[in-house]
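Asker: Input: one structure, supplied below.
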Amino acid sequence: RFAEICNALGLQVIIFSKSFETIKEKYPHYVSVDLNTILKESDILSFHCKPNTDGSPIVTAKEINLMKTSALILNTARGNLVFENDLYEALKNNRIRGAALDVFNDEPATNNILFGLENIILTPHIAASTAESQIIVAEMIANQFVNYFLNGKVINAIT
């Protein structure tokens, strides 16, 4: 959805994703590239992914050093996708322009190295707490009950 909004605003959308390869024909305006290309070319680096399987960050100082000094990092996906100590150093030393996060390595973020920096926006991760989100979740659950009682299908079962 974020890519759709960016595209509608006239931004070029480039994507690094293994799963995008299976659906890219549906999105001809988006370009699939490797991570280094994303890092070097992006004005805005936005995360919409799960963490690495080993729990390691996707972006550390090494990756930040490939980015434009005018770049912004947005992370509303998962904590630890960006190594917070390296992000702190990059922001403190104006290596990148800024960042916005609503997810943190340790949550709830009651004390964090990023607190107090001038070039970062930090908010709680509350997207699922909106009235609209609660309605959508309630509808999804109701549909799962209907599918079970009418069709005997169990959706999203954990085994």
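Starting from 1 in every chain, residues are counted up; chains themselves are A, B, ... following the order of the structure tokens, and ligands are numbered from 1 as listed.
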If you count only C-alpha atoms, which residues fall within 9 Å of segment 70-86 of chain A, apart from same-chain ones fewer than 5 positions away, as a ChimeraX atom specification?
Answerer: /A:42-52,55-62,64,91,94-107,112-114,125
Asker: Would you mind reading off the distance between atom CA of Val154 of chain A and atom CA of Ile141 of chain A, one decimal, in Å?
Answerer: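 So the answer is 11.2 Å.
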Asker: Which of segment 11-103 of chain A counts as helix (DSSP H, G or I) under DSSP, as a list in words please?
Answerer: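 Put together, the selection reads Ser19, Phe20, Glu21, Thr22, Lys24, Glu25, Lys26, Leu35, Asn36, Thr37, Ile38, Leu39, Lys40, Glu41, Ala61, Lys62, Glu63, Ile64, Glu84, Asn85, Asp86, Leu87, Tyr88, Glu89, Ala90, Leu91 and Lys92 of chain A.
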Asker: Have a look at A:Asn65, A:Asn36, A:Thr53, A:Ser17 and name the one nearest to Leu87 of chain A; count only C-alpha atoms.
Answerer: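 Nearest candidate to Leu87 of chain A out of A:Asn65, A:Asn36, A:Thr53, A:Ser17: A:Asn65.
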Asker: Which residues in chain A does DSSP call strand (DSSP E)? List them as a list in words.
Answerer: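 Matching residues for strand (DSSP E) in chain A are Ile14, Ile15, Val31, Ser32, Ile44, Leu45, Ser46, Phe47, Leu72, Ile73, Leu74, Asn75, Gly98, Ala99, Ala100, Leu101, Ile120, Ile121 and Leu122 of chain A.
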Asker: Could you write those residues out with all heavy atoms, as a short mmCIF file (atom, residue, chain, number, x, y, z; two decimals), in the first residue's frame?
Answerer:
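This went into part.cif:
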data_model
loop_
_atom_site.label_atom_id
_atom_site.label_comp_id
_atom_site.auth_asym_id
_atom_site.auth_seq_id
_atom_site.Cartn_x
_atom_site.Cartn_y
_atom_site.Cartn_z
N ILE A 14 11.33 1.55 -6.11
CA ILE A 14 12.19 0.41 -6.35
C ILE A 14 12.09 -0.50 -5.13
O ILE A 14 11.96 -0.04 -4.00
CB ILE A 14 13.65 0.82 -6.64
CG1 ILE A 14 14.25 1.69 -5.54
CG2 ILE A 14 13.73 1.55 -7.97
CD1 ILE A 14 15.72 2.06 -5.75
N ILE A 15 12.11 -1.80 -5.40
CA ILE A 15 11.81 -2.77 -4.36
C ILE A 15 12.90 -3.83 -4.30
O ILE A 15 13.35 -4.32 -5.34
CB ILE A 15 10.44 -3.44 -4.64
CG1 ILE A 15 9.33 -2.41 -4.53
CG2 ILE A 15 10.20 -4.62 -3.71
CD1 ILE A 15 7.96 -2.91 -4.92
N VAL A 31 10.18 -1.30 -9.85
CA VAL A 31 11.38 -1.96 -10.34
C VAL A 31 12.00 -2.78 -9.21
O VAL A 31 12.20 -2.27 -8.10
CB VAL A 31 12.40 -0.92 -10.86
CG1 VAL A 31 13.67 -1.60 -11.35
CG2 VAL A 31 11.77 -0.07 -11.96
N SER A 32 12.29 -4.03 -9.49
CA SER A 32 12.93 -4.91 -8.51
C SER A 32 14.45 -4.81 -8.68
O SER A 32 14.96 -4.99 -9.79
CB SER A 32 12.46 -6.35 -8.75
OG SER A 32 13.06 -7.21 -7.81
N ILE A 44 14.22 7.71 0.15
CA ILE A 44 13.49 7.22 1.31
C ILE A 44 13.62 5.70 1.33
O ILE A 44 13.23 5.03 0.37
CB ILE A 44 11.99 7.61 1.24
CG1 ILE A 44 11.84 9.12 1.15
CG2 ILE A 44 11.24 7.05 2.45
CD1 ILE A 44 10.42 9.58 0.81
N LEU A 45 14.14 5.17 2.42
CA LEU A 45 14.25 3.73 2.60
C LEU A 45 13.19 3.33 3.62
O LEU A 45 13.26 3.70 4.78
CB LEU A 45 15.65 3.37 3.12
CG LEU A 45 15.93 1.90 3.39
CD1 LEU A 45 15.86 1.09 2.10
CD2 LEU A 45 17.30 1.74 4.02
N SER A 46 12.18 2.61 3.15
CA SER A 46 11.06 2.24 4.01
C SER A 46 10.98 0.73 4.11
O SER A 46 11.04 0.02 3.10
CB SER A 46 9.76 2.80 3.43
OG SER A 46 8.67 2.50 4.26
N PHE A 47 10.82 0.24 5.33
CA PHE A 47 10.78 -1.20 5.59
C PHE A 47 9.35 -1.70 5.69
O PHE A 47 8.54 -1.12 6.41
CB PHE A 47 11.52 -1.54 6.89
CG PHE A 47 13.00 -1.33 6.78
CD1 PHE A 47 13.56 -0.11 7.12
CD2 PHE A 47 13.83 -2.34 6.33
CE1 PHE A 47 14.93 0.09 7.02
CE2 PHE A 47 15.19 -2.16 6.23
CZ PHE A 47 15.74 -0.94 6.57
N LEU A 72 16.35 9.37 3.96
CA LEU A 72 15.55 9.16 5.17
C LEU A 72 15.29 7.67 5.34
O LEU A 72 15.09 6.96 4.35
CB LEU A 72 14.19 9.87 5.04
CG LEU A 72 14.21 11.37 4.79
CD1 LEU A 72 12.81 11.86 4.47
CD2 LEU A 72 14.78 12.09 6.00
N ILE A 73 15.27 7.21 6.58
CA ILE A 73 14.92 5.83 6.89
C ILE A 73 13.59 5.83 7.63
O ILE A 73 13.43 6.55 8.62
CB ILE A 73 16.00 5.15 7.76
CG1 ILE A 73 17.29 4.96 6.96
CG2 ILE A 73 15.50 3.82 8.31
CD1 ILE A 73 18.43 4.36 7.77
N LEU A 74 12.65 5.02 7.13
CA LEU A 74 11.35 4.83 7.80
C LEU A 74 11.25 3.36 8.18
O LEU A 74 11.41 2.49 7.35
CB LEU A 74 10.19 5.17 6.86
CG LEU A 74 10.18 6.53 6.18
CD1 LEU A 74 8.97 6.63 5.27
CD2 LEU A 74 10.18 7.63 7.20
N ASN A 75 10.97 3.11 9.45
CA ASN A 75 10.76 1.72 9.88
C ASN A 75 9.52 1.64 10.76
O ASN A 75 9.53 2.07 11.90
CB ASN A 75 11.97 1.16 10.63
CG ASN A 75 11.80 -0.32 10.95
OD1 ASN A 75 10.86 -0.96 10.50
ND2 ASN A 75 12.71 -0.85 11.73
N GLY A 98 17.64 11.92 8.11
CA GLY A 98 16.73 11.69 9.22
C GLY A 98 16.13 10.30 9.20
O GLY A 98 16.41 9.49 8.32
N ALA A 99 15.28 10.07 10.19
CA ALA A 99 14.61 8.77 10.31
C ALA A 99 13.29 8.96 11.04
O ALA A 99 13.09 9.95 11.76
CB ALA A 99 15.49 7.78 11.06
N ALA A 100 12.41 7.99 10.86
CA ALA A 100 11.15 7.93 11.59
C ALA A 100 10.90 6.46 11.93
O ALA A 100 10.98 5.61 11.05
CB ALA A 100 10.00 8.50 10.76
N LEU A 101 10.65 6.20 13.20
CA LEU A 101 10.45 4.82 13.67
C LEU A 101 9.25 4.75 14.58
O LEU A 101 8.99 5.67 15.35
CB LEU A 101 11.65 4.33 14.48
CG LEU A 101 13.06 4.48 13.94
CD1 LEU A 101 14.06 4.04 14.98
CD2 LEU A 101 13.24 3.68 12.67
N ILE A 120 15.05 12.86 14.09
CA ILE A 120 14.30 11.60 14.10
C ILE A 120 12.93 11.83 14.71
O ILE A 120 12.76 12.66 15.61
CB ILE A 120 15.06 10.49 14.86
CG1 ILE A 120 14.41 9.13 14.61
CG2 ILE A 120 15.19 10.82 16.33
CD1 ILE A 120 15.27 7.95 15.04
N ILE A 121 11.95 11.12 14.17
CA ILE A 121 10.60 11.12 14.73
C ILE A 121 10.36 9.73 15.30
O ILE A 121 10.53 8.73 14.60
CB ILE A 121 9.54 11.44 13.66
CG1 ILE A 121 9.78 12.85 13.10
CG2 ILE A 121 8.13 11.29 14.22
CD1 ILE A 121 8.92 13.18 11.88
N LEU A 122 9.97 9.67 16.56
CA LEU A 122 9.73 8.40 17.25
C LEU A 122 8.31 8.40 17.78
O LEU A 122 7.89 9.34 18.45
CB LEU A 122 10.72 8.21 18.40
CG LEU A 122 12.20 8.27 18.03
CD1 LEU A 122 13.07 8.33 19.28
CD2 LEU A 122 12.57 7.09 17.17
#
